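Chemist: Dropping the structure in here first, questions after.
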Amino acid sequence: LVALVGERFGLDGAGRQPPPVTALELPRPRLEPPAALAPIAASDPWTRAAHAYGKAYRDVVRALAGRIDHPPDVVVTPRSEAEVRDVLDWCAAAGAAVIPYGGGSSVVGGVEPDVGEAYRGAVTLDLGALDRVVEVDEVSLAARIEAGALGPALESQLRARGLTLRHFPQSFECSTIGGWVATRAGGHFATGPTHIDDLVEALRVVTPAGTVQTRRLPASGAGPSPDRLFLGSEGVLGVITEVWVRVRRRPVWRGGGAATFPTFAAGAAAVRALAQSGLQPANCRLVDPLEAAINGAGDGSAAVLLVGFESADAPVDAAVARAGELVQDLGGTIDRAAWAQQAAVARGGRGEKAAQDSGPAGSAPGTAAAGRAPVRGAPEAGGAPSDAAGAWRRSFLRAPYVRDALVRYGVLCETFETAVTWDRFDALHDAVTAAVREALGATGSGAGFVTCRTTHAYPDGVAPYFTVIAPARRGAEVEQWDEVKAAAATAVLAAGGTITHHHAVGRDHRRWYDQQRPELFAGALRAAKVVLDPQGICNPGVLIDPGG
Ligand SMILES: Cc1cc2nc3c(=O)[nH]c(=O)nc-3n(C[C@H](O)[C@H](O)[C@H](O)COP(=O)(O)OP(=O)(O)OC[C@H]3O[C@@H](n4cnc5c(N)ncnc54)[C@H](O)[C@@H]3O)c2cc1C
């Protein structure tokens, strides 16, 4: 890939290595933890550097250059909720900012301790030691999970009971349930319960003002939901320590397939029809021709639609068949034998094995079976290989690692996402694509491209996800990306989209989030922060300004 992209972009082929930790010039820590917290505190350069950034492109390029702009002074790793409380008490007394840290997979500057001069230092509170599934209610199908549990850890604990949370963001391996709740993460369900919001039953949050425990309820009409106040709070209201989530039995029936469309817009019409049909596919992902080709799911001549269904209860072949009809009615080309075979695989009960093995099928639950039992035969038309779904899934899971490798070779490689109602989707797609292309011209050679796929589909709208790949301006990578991003974000808002569908706000999206949210709501959020975090020590700069 490096050779291919390198030739196209005129790169010199020189790969950059991360500097050794000993070469980093970090400022001396400004804070000394009290003796009682010393066993869970670290101020060595490796630990501080490792907690200084999330995983955005601008984080990766700065780290590769040995540039650690805002290292935390101290990193604490509490082993109990009591220690979380002690850390908040210490930070309040010491005038230090505290940054909750889950997996550190933020791509919006959510964990970078860029807190300004008003604080005596910055403490990163790593929840990694709180990683257990504490309790499972098999009657209600719910589980109480500590906030620092990473995706694989919590799934393996639930799997022992035949259960799953089935929330698979692409960052599944390196993000935590507390982080998902704090950022309102989007999982792999393309329709239905797409956001973690829908899976949260109750929360426990330690704030500087005290602990909040919400009531476990399947639903409630008792006023505004306290859970909703903390969902998406991104660490500014306190530290989420435990989450009760709705879990489900592991799916054993699966089916689906791939279709091709002559244009992205034609495929989008099919996504809309599927989302409005009530069929609720678990996967419904449209990939534009270029992105399909880059990921080995097509030859670049057609947009590829991946559709998948799953159930723990009953075969899904009727839904698979109906989706196939619907897709064809709207001009899609499917390999009929492949779709039929998928339905047959589901009916035959081989799904049990597929479900056990599929792991974080981040993109395509219905396609795990396709990957395992690839459908033979050429596609009818349009250039999608019949194992398009399997190819896409494999590529999807590898993508983050490929991204980091490309960056080492001087490639600008980043993604951004939004959501918009269907009536505005085509115009948004065209405007954003044009804005990014223009910005690539203004900030570099103009070489490079922007691709799009849809990640989530709703009856009333869709979440498009853009990928930008271009030659980086070496030495000015951050400035270059910031300009491209600003052009994209401005176009997104002008076209009626949100600054983020699931990546969250962090520090990087503040400018546009401030424009998007109603001013009175901003005031209400500030007031909530004053009550829960009177000294304003929790993740200052994210969502609202330090000091309220
Ligand atoms: C390759 C890649 C793919 C991604 N794919 C997706 C995707 O498919 N869907 C998606 O939604 N996101 C995705 N993301 C973004 C990111 O993974 C999510 O925002 C995720 O929810 C962050 O979880 P985390 O545990 O890593 O949180 P962190 O990055 O550690 O923190 C994120 C924010 O939440 C706060 N926070 C974390 N834990 C707590 C807590 N316990 N209490 C209070 N505040 C807390 C932090 O202070 C910070 O503001 C992706 C990121 C990468 C790098």
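Going by the structure tokens order, chains are called A, B, ..., each with residues numbered from 1, while ligands are numbered from 1 in the order shown.
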Just the strand (DSSP E or B) stuff from region 133-337 of chain A, please, per backbone DSSP, written as a short mmCIF file (atom, residue, chain, number, x, y, z; two decimals) with N, CA, C and O atoms, in the first residue's frame.
Modeler:
data_model
loop_
_atom_site.label_atom_id
_atom_site.label_comp_id
_atom_site.auth_asym_id
_atom_site.auth_seq_id
_atom_site.Cartn_x
_atom_site.Cartn_y
_atom_site.Cartn_z
N VAL A 133 -16.84 -7.24 34.92
CA VAL A 133 -18.30 -7.39 34.89
C VAL A 133 -18.66 -7.83 36.30
O VAL A 133 -18.30 -8.92 36.73
N VAL A 134 -19.34 -6.96 37.05
CA VAL A 134 -19.51 -7.20 38.47
C VAL A 134 -20.72 -8.07 38.76
O VAL A 134 -20.74 -8.86 39.69
N GLU A 135 -21.75 -7.93 37.95
CA GLU A 135 -23.02 -8.57 38.27
C GLU A 135 -23.80 -8.75 36.98
O GLU A 135 -23.75 -7.88 36.10
N VAL A 136 -24.49 -9.89 36.86
CA VAL A 136 -25.34 -10.10 35.69
C VAL A 136 -26.74 -10.46 36.17
O VAL A 136 -26.90 -11.35 37.01
N ASP A 137 -27.73 -9.78 35.68
CA ASP A 137 -29.13 -10.09 35.98
C ASP A 137 -29.66 -10.85 34.77
O ASP A 137 -30.03 -10.25 33.76
N ALA A 142 -29.43 -7.89 31.93
CA ALA A 142 -28.68 -6.65 32.14
C ALA A 142 -27.40 -7.00 32.91
O ALA A 142 -27.35 -8.03 33.59
N ALA A 143 -26.39 -6.17 32.76
CA ALA A 143 -25.12 -6.43 33.45
C ALA A 143 -24.57 -5.13 34.02
O ALA A 143 -24.71 -4.06 33.42
N ARG A 144 -23.93 -5.27 35.19
CA ARG A 144 -23.27 -4.12 35.82
C ARG A 144 -21.78 -4.24 35.53
O ARG A 144 -21.16 -5.24 35.90
N ILE A 145 -21.24 -3.26 34.87
CA ILE A 145 -19.86 -3.36 34.38
C ILE A 145 -19.07 -2.13 34.84
O ILE A 145 -19.55 -0.99 34.73
N GLU A 146 -17.85 -2.37 35.31
CA GLU A 146 -17.00 -1.25 35.72
C GLU A 146 -16.54 -0.47 34.48
O GLU A 146 -16.33 -1.04 33.40
N LEU A 150 -12.35 -2.73 28.83
CA LEU A 150 -12.20 -2.62 27.37
C LEU A 150 -13.18 -3.57 26.69
O LEU A 150 -13.63 -4.56 27.30
N LEU A 163 -23.99 -14.46 26.75
CA LEU A 163 -24.55 -13.11 26.54
C LEU A 163 -23.55 -12.22 25.81
O LEU A 163 -22.36 -12.53 25.72
N THR A 164 -24.06 -11.11 25.33
CA THR A 164 -23.19 -10.14 24.66
C THR A 164 -23.81 -8.75 24.80
O THR A 164 -25.04 -8.62 24.84
N THR A 176 -13.23 1.78 26.14
CA THR A 176 -13.86 1.20 27.33
C THR A 176 -15.36 1.54 27.37
O THR A 176 -15.81 2.48 26.72
N GLY A 186 -20.97 5.12 18.94
CA GLY A 186 -21.80 4.38 17.99
C GLY A 186 -21.21 3.00 17.77
O GLY A 186 -20.01 2.86 17.52
N HIS A 195 -26.47 3.72 19.03
CA HIS A 195 -25.64 4.39 20.03
C HIS A 195 -25.68 3.62 21.37
O HIS A 195 -26.68 2.98 21.70
N VAL A 200 -27.92 1.71 27.76
CA VAL A 200 -27.66 2.07 29.16
C VAL A 200 -28.94 1.99 29.98
O VAL A 200 -29.95 2.58 29.63
N GLU A 201 -28.85 1.23 31.08
CA GLU A 201 -30.01 1.10 31.97
C GLU A 201 -29.86 2.00 33.20
O GLU A 201 -30.83 2.56 33.70
N ALA A 202 -28.64 2.12 33.71
CA ALA A 202 -28.38 3.00 34.87
C ALA A 202 -26.88 3.30 34.94
O ALA A 202 -26.06 2.57 34.35
N LEU A 203 -26.55 4.35 35.68
CA LEU A 203 -25.15 4.79 35.75
C LEU A 203 -24.75 5.09 37.19
O LEU A 203 -25.60 5.45 38.02
N ARG A 204 -23.45 4.99 37.44
CA ARG A 204 -22.91 5.46 38.71
C ARG A 204 -21.77 6.42 38.37
O ARG A 204 -20.86 6.08 37.61
N VAL A 205 -21.85 7.62 38.93
CA VAL A 205 -20.89 8.67 38.57
C VAL A 205 -20.35 9.31 39.84
O VAL A 205 -21.14 9.74 40.70
N VAL A 206 -19.03 9.36 39.96
CA VAL A 206 -18.42 10.07 41.09
C VAL A 206 -18.09 11.48 40.62
O VAL A 206 -17.30 11.66 39.68
N THR A 207 -18.71 12.47 41.24
CA THR A 207 -18.44 13.87 40.87
C THR A 207 -17.71 14.54 42.03
O THR A 207 -17.75 14.01 43.16
N GLY A 210 -20.08 14.76 44.92
CA GLY A 210 -20.67 13.55 45.52
C GLY A 210 -20.96 12.51 44.44
O GLY A 210 -20.65 12.72 43.27
N THR A 211 -21.58 11.40 44.87
CA THR A 211 -21.80 10.29 43.94
C THR A 211 -23.26 10.25 43.49
O THR A 211 -24.16 10.39 44.31
N VAL A 212 -23.45 10.04 42.21
CA VAL A 212 -24.79 9.94 41.65
C VAL A 212 -25.02 8.49 41.22
O VAL A 212 -24.22 7.95 40.47
N GLN A 213 -26.09 7.88 41.72
CA GLN A 213 -26.47 6.54 41.27
C GLN A 213 -27.87 6.65 40.69
O GLN A 213 -28.81 7.01 41.39
N VAL A 239 -16.67 11.39 37.03
CA VAL A 239 -16.11 10.13 36.52
C VAL A 239 -17.16 9.04 36.59
O VAL A 239 -17.67 8.71 37.67
N ILE A 240 -17.52 8.48 35.44
CA ILE A 240 -18.44 7.35 35.41
C ILE A 240 -17.66 6.14 35.92
O ILE A 240 -16.57 5.84 35.40
N THR A 241 -18.19 5.48 36.97
CA THR A 241 -17.44 4.33 37.52
C THR A 241 -18.08 3.00 37.18
O THR A 241 -17.40 1.98 37.13
N GLU A 242 -19.40 3.00 37.01
CA GLU A 242 -20.10 1.75 36.69
C GLU A 242 -21.28 2.02 35.78
O GLU A 242 -21.90 3.09 35.85
N VAL A 243 -21.59 1.04 34.96
CA VAL A 243 -22.73 1.18 34.05
C VAL A 243 -23.54 -0.11 34.09
O VAL A 243 -22.99 -1.21 33.97
N TRP A 244 -24.85 0.01 34.29
CA TRP A 244 -25.74 -1.12 34.05
C TRP A 244 -26.15 -1.04 32.59
O TRP A 244 -26.67 -0.02 32.14
N VAL A 245 -25.92 -2.11 31.85
CA VAL A 245 -26.26 -2.09 30.42
C VAL A 245 -27.21 -3.24 30.09
O VAL A 245 -27.21 -4.28 30.77
N ARG A 246 -27.98 -3.03 29.05
CA ARG A 246 -28.85 -4.10 28.54
C ARG A 246 -28.01 -5.03 27.68
O ARG A 246 -27.34 -4.57 26.75
N ARG A 248 -27.79 -8.98 25.59
CA ARG A 248 -28.68 -9.85 24.82
C ARG A 248 -28.04 -11.21 24.65
O ARG A 248 -26.84 -11.37 24.87
N ARG A 249 -28.87 -12.18 24.27
CA ARG A 249 -28.32 -13.51 23.99
C ARG A 249 -27.55 -13.43 22.68
O ARG A 249 -27.91 -12.67 21.78
N TRP A 253 -28.41 -16.80 14.35
CA TRP A 253 -28.90 -16.79 12.98
C TRP A 253 -28.39 -15.55 12.27
O TRP A 253 -28.52 -14.45 12.78
N ARG A 254 -27.85 -15.76 11.13
CA ARG A 254 -27.28 -14.63 10.39
C ARG A 254 -27.51 -14.79 8.92
O ARG A 254 -27.57 -15.92 8.41
N GLY A 255 -27.57 -13.70 8.22
CA GLY A 255 -27.65 -13.77 6.76
C GLY A 255 -27.49 -12.38 6.18
O GLY A 255 -27.62 -11.37 6.88
N GLY A 256 -27.21 -12.34 4.89
CA GLY A 256 -27.06 -11.04 4.24
C GLY A 256 -26.26 -11.18 2.98
O GLY A 256 -26.02 -12.30 2.50
N GLY A 257 -25.84 -10.08 2.44
CA GLY A 257 -25.05 -10.14 1.22
C GLY A 257 -24.64 -8.76 0.77
O GLY A 257 -24.83 -7.78 1.49
N ALA A 258 -24.07 -8.71 -0.42
CA ALA A 258 -23.59 -7.45 -0.99
C ALA A 258 -24.33 -7.15 -2.28
O ALA A 258 -24.74 -8.06 -3.00
N ALA A 259 -24.54 -5.87 -2.53
CA ALA A 259 -25.15 -5.43 -3.78
C ALA A 259 -24.30 -4.31 -4.36
O ALA A 259 -23.57 -3.64 -3.62
N THR A 260 -24.38 -4.13 -5.66
CA THR A 260 -23.66 -3.00 -6.26
C THR A 260 -24.65 -2.03 -6.89
O THR A 260 -25.73 -2.42 -7.35
N PHE A 261 -24.24 -0.77 -6.93
CA PHE A 261 -25.06 0.29 -7.53
C PHE A 261 -24.17 1.13 -8.43
O PHE A 261 -23.00 1.35 -8.11
N ASN A 283 -26.70 -4.74 9.84
CA ASN A 283 -25.67 -4.05 9.06
C ASN A 283 -26.31 -3.50 7.80
O ASN A 283 -27.11 -4.18 7.15
N CYS A 284 -25.97 -2.27 7.46
CA CYS A 284 -26.52 -1.65 6.26
C CYS A 284 -25.57 -0.53 5.90
O CYS A 284 -25.72 0.59 6.34
N ARG A 285 -24.53 -0.88 5.16
CA ARG A 285 -23.42 0.02 5.00
C ARG A 285 -23.15 0.24 3.51
O ARG A 285 -22.91 -0.73 2.79
N LEU A 286 -23.22 1.46 3.09
CA LEU A 286 -22.97 1.78 1.67
C LEU A 286 -21.57 2.37 1.54
O LEU A 286 -21.23 3.31 2.26
N VAL A 287 -20.78 1.82 0.63
CA VAL A 287 -19.40 2.25 0.48
C VAL A 287 -19.24 2.80 -0.94
O VAL A 287 -19.64 2.14 -1.91
N ALA A 303 -20.67 1.50 -6.44
CA ALA A 303 -20.82 1.58 -4.99
C ALA A 303 -21.28 0.22 -4.48
O ALA A 303 -22.01 -0.50 -5.17
N VAL A 304 -20.83 -0.14 -3.28
CA VAL A 304 -21.15 -1.46 -2.74
C VAL A 304 -21.99 -1.29 -1.47
O VAL A 304 -21.62 -0.53 -0.57
N LEU A 305 -23.10 -2.00 -1.43
CA LEU A 305 -23.97 -1.98 -0.24
C LEU A 305 -23.86 -3.33 0.46
O LEU A 305 -24.03 -4.38 -0.16
N LEU A 306 -23.57 -3.29 1.75
CA LEU A 306 -23.46 -4.52 2.54
C LEU A 306 -24.66 -4.56 3.49
O LEU A 306 -24.90 -3.61 4.23
N VAL A 307 -25.39 -5.65 3.44
CA VAL A 307 -26.59 -5.77 4.27
C VAL A 307 -26.49 -7.05 5.08
O VAL A 307 -26.12 -8.11 4.54
N GLY A 308 -26.81 -6.97 6.37
CA GLY A 308 -26.76 -8.17 7.21
C GLY A 308 -27.87 -8.18 8.24
O GLY A 308 -28.28 -7.13 8.74
N PHE A 309 -28.36 -9.37 8.51
CA PHE A 309 -29.37 -9.54 9.56
C PHE A 309 -28.87 -10.55 10.55
O PHE A 309 -28.08 -11.45 10.20
N GLU A 310 -29.33 -10.46 11.79
CA GLU A 310 -28.96 -11.46 12.78
C GLU A 310 -30.08 -11.60 13.80
O GLU A 310 -30.87 -10.68 14.01
N SER A 311 -30.13 -12.77 14.43
CA SER A 311 -31.15 -13.01 15.45
C SER A 311 -30.67 -14.11 16.39
O SER A 311 -30.02 -15.06 15.96
N THR A 333 -27.68 -4.44 -7.97
CA THR A 333 -27.38 -5.74 -8.55
C THR A 333 -26.88 -6.66 -7.44
O THR A 333 -25.94 -6.31 -6.74
N ILE A 334 -27.56 -7.78 -7.30
CA ILE A 334 -27.08 -8.73 -6.29
C ILE A 334 -26.75 -10.05 -6.98
O ILE A 334 -27.26 -10.35 -8.05
#
Chemist: Return as a ChimeraX atom specification every polymer residue, whether protein, DNA or RNA, with at least one atom no more than 6 Å from an atom of ligand 1; count only C-alpha atoms and all ligand atoms.
Modeler: /A:54-55,99-107,110-111,147,169-171,175-176,178-180,182-183,185-187,234-235,238-241,400,502-503,506
Chemist: Taking into account only C-alpha atoms, which residue in the set A:Ala56, A:Val505, A:Val530, A:Leu237 is nearest to Leu543 (chain A)?
Modeler: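 For Leu543 (chain A), the nearest of the candidates is A:Val505.
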Chemist: Considering only C-alpha atoms, can you say which of A:Gly15, A:Ala35, A:Gly162, A:Ala282 comes closest to Arg250 (chain A)?
Modeler: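 With only C-alpha atoms as the atom set, the closest residue is A:Gly162.
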Chemist: Determine the nearest neighbour of Ala527 (chain A) from the options A:Asp227, A:Asn539, A:Ile544, A:Leu330, counting only C-alpha atoms.
Modeler: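 Using only C-alpha atoms, the shortest distance to Ala527 (chain A) belongs to A:Ile544.
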Chemist: Find the residues around Gly300 (chain A) up to 12 Å (only C-alpha atoms counted), leave out those fewer than 3 positions away in its own chain, and share them as a PyMOL selection string.
Modeler: chain A and resi 260-264+287-297+303-304+382-385+451
Chemist: Deliver the residues from the most recent selection as a file, using all heavy atoms, as a compact mmCIF listing (two decimals), in the first residue's frame.
Modeler:
# COMPACT_ATOMS: atom_id res chain seq x y z
N THR A 260 -24.38 -4.13 -5.66
CA THR A 260 -23.66 -3.00 -6.26
C THR A 260 -24.65 -2.03 -6.89
O THR A 260 -25.73 -2.42 -7.35
CB THR A 260 -22.66 -3.48 -7.33
OG1 THR A 260 -23.37 -4.27 -8.30
CG2 THR A 260 -21.55 -4.30 -6.74
N PHE A 261 -24.24 -0.77 -6.93
CA PHE A 261 -25.06 0.29 -7.53
C PHE A 261 -24.17 1.13 -8.43
O PHE A 261 -23.00 1.35 -8.11
CB PHE A 261 -25.65 1.19 -6.43
CG PHE A 261 -26.75 0.54 -5.66
CD1 PHE A 261 -26.45 -0.27 -4.58
CD2 PHE A 261 -28.08 0.71 -6.02
CE1 PHE A 261 -27.45 -0.89 -3.86
CE2 PHE A 261 -29.09 0.09 -5.31
CZ PHE A 261 -28.78 -0.71 -4.23
N PRO A 262 -24.72 1.62 -9.53
CA PRO A 262 -23.89 2.40 -10.45
C PRO A 262 -23.36 3.68 -9.82
O PRO A 262 -22.28 4.15 -10.18
CB PRO A 262 -24.83 2.70 -11.63
CG PRO A 262 -26.21 2.39 -11.14
CD PRO A 262 -26.07 1.39 -10.04
N THR A 263 -24.11 4.25 -8.87
CA THR A 263 -23.64 5.48 -8.22
C THR A 263 -23.90 5.39 -6.72
O THR A 263 -24.73 4.62 -6.25
CB THR A 263 -24.40 6.73 -8.74
OG1 THR A 263 -25.78 6.59 -8.38
CG2 THR A 263 -24.25 6.90 -10.25
N PHE A 264 -23.19 6.24 -5.99
CA PHE A 264 -23.36 6.31 -4.54
C PHE A 264 -24.78 6.79 -4.21
O PHE A 264 -25.43 6.27 -3.28
CB PHE A 264 -22.31 7.28 -3.97
CG PHE A 264 -22.21 7.28 -2.48
CD1 PHE A 264 -21.85 6.13 -1.79
CD2 PHE A 264 -22.46 8.43 -1.74
CE1 PHE A 264 -21.73 6.11 -0.40
CE2 PHE A 264 -22.34 8.44 -0.35
CZ PHE A 264 -21.98 7.28 0.31
N VAL A 287 -20.78 1.82 0.63
CA VAL A 287 -19.40 2.25 0.48
C VAL A 287 -19.24 2.80 -0.94
O VAL A 287 -19.64 2.14 -1.91
CB VAL A 287 -18.44 1.05 0.68
CG1 VAL A 287 -17.00 1.51 0.70
CG2 VAL A 287 -18.79 0.30 1.96
N ASP A 288 -18.67 3.98 -1.06
CA ASP A 288 -18.57 4.56 -2.41
C ASP A 288 -17.54 3.79 -3.25
O ASP A 288 -16.75 3.00 -2.71
CB ASP A 288 -18.37 6.08 -2.37
CG ASP A 288 -16.94 6.53 -2.07
OD1 ASP A 288 -16.02 5.69 -2.08
OD2 ASP A 288 -16.74 7.73 -1.83
N PRO A 289 -17.57 3.96 -4.57
CA PRO A 289 -16.76 3.08 -5.43
C PRO A 289 -15.27 3.08 -5.08
O PRO A 289 -14.64 2.02 -5.00
CB PRO A 289 -16.99 3.66 -6.83
CG PRO A 289 -18.35 4.30 -6.76
CD PRO A 289 -18.46 4.84 -5.37
N LEU A 290 -14.71 4.28 -4.82
CA LEU A 290 -13.27 4.34 -4.56
C LEU A 290 -12.93 3.67 -3.23
O LEU A 290 -11.97 2.90 -3.13
CB LEU A 290 -12.82 5.81 -4.56
CG LEU A 290 -11.34 6.06 -4.34
CD1 LEU A 290 -10.49 5.31 -5.37
CD2 LEU A 290 -11.03 7.56 -4.40
N GLU A 291 -13.74 3.93 -2.21
CA GLU A 291 -13.46 3.32 -0.91
C GLU A 291 -13.61 1.80 -0.98
O GLU A 291 -12.85 1.05 -0.36
CB GLU A 291 -14.37 3.90 0.17
CG GLU A 291 -14.00 3.43 1.55
CD GLU A 291 -14.56 4.29 2.68
OE1 GLU A 291 -14.77 5.50 2.48
OE2 GLU A 291 -14.77 3.74 3.77
N ALA A 292 -14.59 1.35 -1.75
CA ALA A 292 -14.77 -0.10 -1.92
C ALA A 292 -13.52 -0.70 -2.57
O ALA A 292 -13.02 -1.75 -2.16
CB ALA A 292 -16.00 -0.39 -2.76
N ALA A 293 -12.99 0.00 -3.57
CA ALA A 293 -11.80 -0.52 -4.26
C ALA A 293 -10.60 -0.55 -3.31
O ALA A 293 -9.85 -1.53 -3.24
CB ALA A 293 -11.51 0.34 -5.48
N ILE A 294 -10.42 0.54 -2.54
CA ILE A 294 -9.27 0.60 -1.62
C ILE A 294 -9.33 -0.54 -0.62
O ILE A 294 -8.31 -1.09 -0.22
CB ILE A 294 -9.27 1.96 -0.88
CG1 ILE A 294 -8.95 3.10 -1.85
CG2 ILE A 294 -8.27 1.95 0.27
CD1 ILE A 294 -9.13 4.49 -1.26
N ASN A 295 -10.54 -0.94 -0.24
CA ASN A 295 -10.69 -1.98 0.78
C ASN A 295 -10.87 -3.38 0.20
O ASN A 295 -11.23 -4.31 0.91
CB ASN A 295 -11.86 -1.63 1.69
CG ASN A 295 -11.54 -0.46 2.58
OD1 ASN A 295 -10.76 -0.59 3.52
ND2 ASN A 295 -12.08 0.70 2.26
N GLY A 296 -10.69 -3.50 -1.09
CA GLY A 296 -10.77 -4.83 -1.70
C GLY A 296 -12.18 -5.36 -1.81
O GLY A 296 -12.41 -6.55 -2.03
N ALA A 297 -13.18 -4.47 -1.66
CA ALA A 297 -14.57 -4.91 -1.72
C ALA A 297 -15.21 -4.59 -3.07
O ALA A 297 -16.41 -4.79 -3.24
CB ALA A 297 -15.37 -4.27 -0.59
N ALA A 303 -20.67 1.50 -6.44
CA ALA A 303 -20.82 1.58 -4.99
C ALA A 303 -21.28 0.22 -4.48
O ALA A 303 -22.01 -0.50 -5.17
CB ALA A 303 -21.85 2.65 -4.63
N VAL A 304 -20.83 -0.14 -3.28
CA VAL A 304 -21.15 -1.46 -2.74
C VAL A 304 -21.99 -1.29 -1.47
O VAL A 304 -21.62 -0.53 -0.57
CB VAL A 304 -19.86 -2.25 -2.42
CG1 VAL A 304 -20.19 -3.58 -1.77
CG2 VAL A 304 -19.05 -2.46 -3.68
N GLY A 382 -21.17 -5.03 -12.10
CA GLY A 382 -20.84 -3.93 -11.18
C GLY A 382 -19.54 -4.08 -10.45
O GLY A 382 -19.12 -3.17 -9.77
N GLY A 383 -18.86 -5.17 -10.60
CA GLY A 383 -17.49 -5.22 -10.12
C GLY A 383 -17.30 -5.54 -8.66
O GLY A 383 -16.21 -5.46 -8.16
N ALA A 384 -18.32 -5.92 -7.89
CA ALA A 384 -18.09 -6.31 -6.51
C ALA A 384 -17.82 -7.80 -6.46
O ALA A 384 -18.61 -8.59 -6.94
CB ALA A 384 -19.30 -5.99 -5.67
N PRO A 385 -16.70 -8.21 -5.88
CA PRO A 385 -16.50 -9.63 -5.76
C PRO A 385 -17.56 -10.21 -4.83
O PRO A 385 -18.09 -9.52 -3.98
CB PRO A 385 -15.10 -9.72 -5.14
CG PRO A 385 -14.87 -8.42 -4.49
CD PRO A 385 -15.66 -7.41 -5.25
N THR A 451 -13.19 9.93 0.34
CA THR A 451 -14.18 8.89 0.06
C THR A 451 -15.26 8.94 1.13
O THR A 451 -15.10 9.59 2.17
CB THR A 451 -13.53 7.49 0.06
OG1 THR A 451 -13.03 7.22 1.38
CG2 THR A 451 -12.41 7.38 -0.96
Chemist: Using only C-alpha atoms, can you tell me which of A:Ala427, A:Ala149, A:Thr467, A:Ser233 comes closest to Arg526 (chain A)?
Modeler: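 Closest to Arg526 (chain A), using only C-alpha atoms: A:Ser233.
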Chemist: Would you mind reading off the distance between CA of Val468 (chain A) and CA of Cys413 (chain A), one decimal, in Å?
Modeler: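 Spanning CA of Val468 (chain A) to CA of Cys413 (chain A) is a straight-line distance of 5.6 Å.
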